[in-house]
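Listing of query.pdb, PDB, C-alpha atoms and all ligand atoms
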```
MODEL        1
ATOM      1  CA  MET O   1      -2.812  -9.558  22.849
ATOM      2  CA  SER O   2      -0.262 -10.590  20.287
ATOM      3  CA  ARG O   3      -1.269 -10.435  16.694
ATOM      4  CA  LEU O   4       0.071 -11.026  13.231
ATOM      5  CA  VAL O   5       0.647  -7.926  11.161
ATOM      6  CA  ASN O   6       1.745  -7.591   7.561
ATOM      7  CA  VAL O   7       3.914  -4.499   7.807
ATOM      8  CA  THR O   8       3.952  -4.092   4.034
ATOM      9  CA  GLU O   9       0.158  -3.861   3.983
ATOM     10  CA  LEU O  10       0.009  -1.467   6.928
ATOM     11  CA  LEU O  11       2.542   0.857   5.367
ATOM     12  CA  LEU O  12       0.938   0.629   1.964
ATOM     13  CA  PHE O  13      -2.382   1.903   3.264
ATOM     14  CA  GLU O  14      -0.581   4.606   5.186
ATOM     15  CA  MET O  15       1.123   5.838   2.016
ATOM     16  CA  LEU O  16      -1.575   5.060  -0.543
ATOM     17  CA  ASP O  17      -3.505   8.317  -0.621
ATOM     18  CA  SER O  18      -0.543  10.672  -0.577
ATOM     19  CA  THR O  19       1.192   8.655  -3.295
ATOM     20  CA  LEU O  20      -1.916   8.522  -5.493
ATOM     21  CA  LYS O  21      -2.224  12.310  -5.239
ATOM     22  CA  GLY O  22       1.019  12.471  -7.203
ATOM     23  CA  VAL O  23      -0.354  10.342 -10.039
ATOM     24  CA  GLU O  24      -1.898  12.723 -12.517
ATOM     25  CA  GLY O  25      -5.433  11.904 -13.652
ATOM     26  CA  PHE O  26      -5.902   8.960 -11.321
ATOM     27  CA  CYS O  27      -9.545   8.128 -10.518
ATOM     28  CA  ARG O  28     -10.379   8.965  -6.907
ATOM     29  CA  CYS O  29     -13.064   6.355  -6.319
ATOM     30  CA  GLU O  30     -12.791   3.644  -3.684
ATOM     31  CA  ARG O  31     -12.779   0.825  -6.249
ATOM     32  CA  CYS O  32      -9.713   2.124  -8.105
ATOM     33  CA  ARG O  33      -7.971   2.837  -4.820
ATOM     34  CA  ILE O  34      -8.523  -0.727  -3.586
ATOM     35  CA  ASP O  35      -7.514  -2.144  -6.986
ATOM     36  CA  VAL O  36      -4.208  -0.308  -6.709
ATOM     37  CA  ALA O  37      -3.685  -1.674  -3.195
ATOM     38  CA  ALA O  38      -4.363  -5.237  -4.370
ATOM     39  CA  ILE O  39      -2.009  -5.038  -7.356
ATOM     40  CA  ALA O  40       0.750  -3.328  -5.390
ATOM     41  CA  LEU O  41       0.536  -5.815  -2.513
ATOM     42  CA  ASN O  42       0.680  -8.762  -4.920
ATOM     43  CA  ASN O  43       3.891  -7.336  -6.339
ATOM     44  CA  LEU O  44       5.550  -6.735  -2.981
ATOM     45  CA  PRO O  45       7.040  -9.220  -0.551
ATOM     46  CA  THR O  46       4.898  -9.780   2.529
ATOM     47  CA  ASN O  47       6.531  -8.820   5.778
ATOM     48  CA  TYR O  48       4.744 -10.387   8.711
ATOM     49  CA  VAL O  49       5.706  -9.645  12.261
ATOM     50  CA  VAL O  50       4.203 -10.895  15.501
ATOM     51  CA  THR O  51       3.576  -7.907  17.631
ATOM     52  CA  ASP O  52       1.803  -6.770  20.745
ATOM     53  CA  GLU O  53      -0.577  -3.840  20.697
ATOM     54  CA  GLY O  54       1.370  -0.616  20.860
ATOM     55  CA  GLU O  55       4.498  -2.235  19.553
ATOM     56  CA  VAL O  56       3.348  -2.007  15.952
ATOM     57  CA  LYS O  57       4.269   1.639  15.509
ATOM     58  CA  LYS O  58       7.769   1.052  16.807
ATOM     59  CA  ARG O  59       8.355  -1.830  14.400
ATOM     60  CA  ILE O  60       6.983   0.158  11.519
ATOM     61  CA  SER O  61       9.225   3.143  12.047
ATOM     62  CA  VAL O  62      12.261   0.881  11.855
ATOM     63  CA  LEU O  63      11.139  -0.740   8.608
ATOM     64  CA  HIS O  64       9.670   2.409   7.199
ATOM     65  CA  MET O  65      12.690   3.865   5.458
ATOM     66  CA  GLN O  66      13.773   0.539   4.008
ATOM     67  CA  ILE O  67      10.618  -0.270   2.102
ATOM     68  CA  ARG O  68       9.205   3.187   1.511
ATOM     69  CA  VAL O  69      10.871   3.533  -1.879
ATOM     70  CA  ASP O  70       9.694   0.093  -3.004
ATOM     71  CA  LEU O  71       6.169   0.862  -1.869
ATOM     72  CA  THR O  72       6.038   4.185  -3.688
ATOM     73  CA  GLN O  73       7.186   2.583  -6.922
ATOM     74  CA  ALA O  74       4.762  -0.326  -6.571
ATOM     75  CA  ILE O  75       1.827   2.031  -5.928
ATOM     76  CA  ILE O  76       2.650   4.192  -8.951
ATOM     77  CA  ARG O  77       3.074   1.148 -11.201
ATOM     78  CA  ALA O  78      -0.230  -0.292  -9.979
ATOM     79  CA  ALA O  79      -2.007   3.052 -10.456
ATOM     80  CA  LYS O  80      -0.913   3.163 -14.094
ATOM     81  CA  GLU O  81      -2.217  -0.363 -14.624
ATOM     82  CA  VAL O  82      -5.579   0.508 -13.089
ATOM     83  CA  MET O  83      -5.821   3.690 -15.179
ATOM     84  CA  LYS O  84      -5.341   1.649 -18.348
ATOM     85  CA  GLN O  85      -8.061  -0.816 -17.360
ATOM     86  CA  PRO O  86     -10.357   0.495 -14.634
ATOM     87  CA  HIS O  87     -12.915  -1.992 -13.295
ATOM     88  CA  HIS O  88     -15.732   0.407 -14.034
ATOM     89  CA  SER O  89     -16.914   2.528 -16.921
ATOM     90  CA  ARG O  90     -16.199   6.230 -16.960
TER      91      ARG O  90
HETATM   92 ZN    ZN O 101     -12.487   4.626 -10.259
ENDMDL
END
```

Just give me the structure as structure tokens.
Ligand SMILES: [Zn+2]
Amino acid sequence: MSRLVNVTELLLFEMLDSTLKGVEGFCRCERCRIDVAAIALNNLPTNYVVTDEGEVKKRISVLHMQIRVDLTQAIIRAAKEVMKQPHHSR
């Protein structure tokens, strides 16, 4: 089965938790986490590939190093935005 995969999104979720751990004082709830993902993904270029099952990992490892830095920066920027205005009360 071939499917359409946004590599940026896949990688973002792979890196999200470890990157957020480095942001001091960031709320750990699911809502803030998803908010960060949404903001970061809106600020990053999409990167769709058509891939067969099993091939995804191979494709990702090639792209990984290229966009890792961009992803880290986008996640940290988004986390700071969410911290300023969380979608819930404390
Ligand atoms: Zn929260």

Q: Find, counting all atoms listed in the file, the residue in O:Ala37, O:Glu14, O:Val7, O:Cys27 that gets nearest to Lys84 of chain O.
A: O:Cys27

**Q.** Contacts to ligand ZN 101 (chain O) at 12 Å cut-off (all atoms listed in the file) as a VMD selection string
**A.** chain O and resid 25 to 36 79 82 to 90

(Q) Could you check the closest approach to Met15 of chain O for each of O:Met1, O:Val49, O:Ile67, O:Ile39 and tell me which residue wins, using only C-alpha atoms? (A)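 Distance minimum relative to Met15 of chain O lands on O:Ile67.
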
**Q.** Hits of the PyMOL selection byres (((chain O and resi 72) around 10) and not hetatm) in this structure, as a ChimeraX atom specification
**A.** /O:12,15-16,18-20,40,67-71,73-78

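Atom pair atom CA of Tyr48 of chain O / atom CA of Leu4 of chain O: separated by 6.5 Å.
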
Q | Near-Thr46 of chain O list (9 Å; all atoms listed in the file; drop same-chain fewer than 6 positions) as number ranges by chain | A | O: 6-9

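Taking atom CA of Val5 of chain O and atom CA of Asp17 of chain O as the two end points, the separation is 20.5 Å.
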
Q: For atom CA of Gln66 of chain O and atom CA of Lys80 of chain O, determine how far apart the two atoms are, in Å to one decimal place.
A: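 Those two atoms sit 23.5 Å apart.
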
Show me, as AutoDock Vina command-line options, the centre and edge lengths in Å to one decimal of the axis-aligned box that covers every listed atom of segment 37-55 of chain O with 6 Å on each side.
```
--center_x 1.3 --center_y -5.8 --center_z 6.8 --size_x 23.4 --size_y 22.3 --size_z 40.2
```
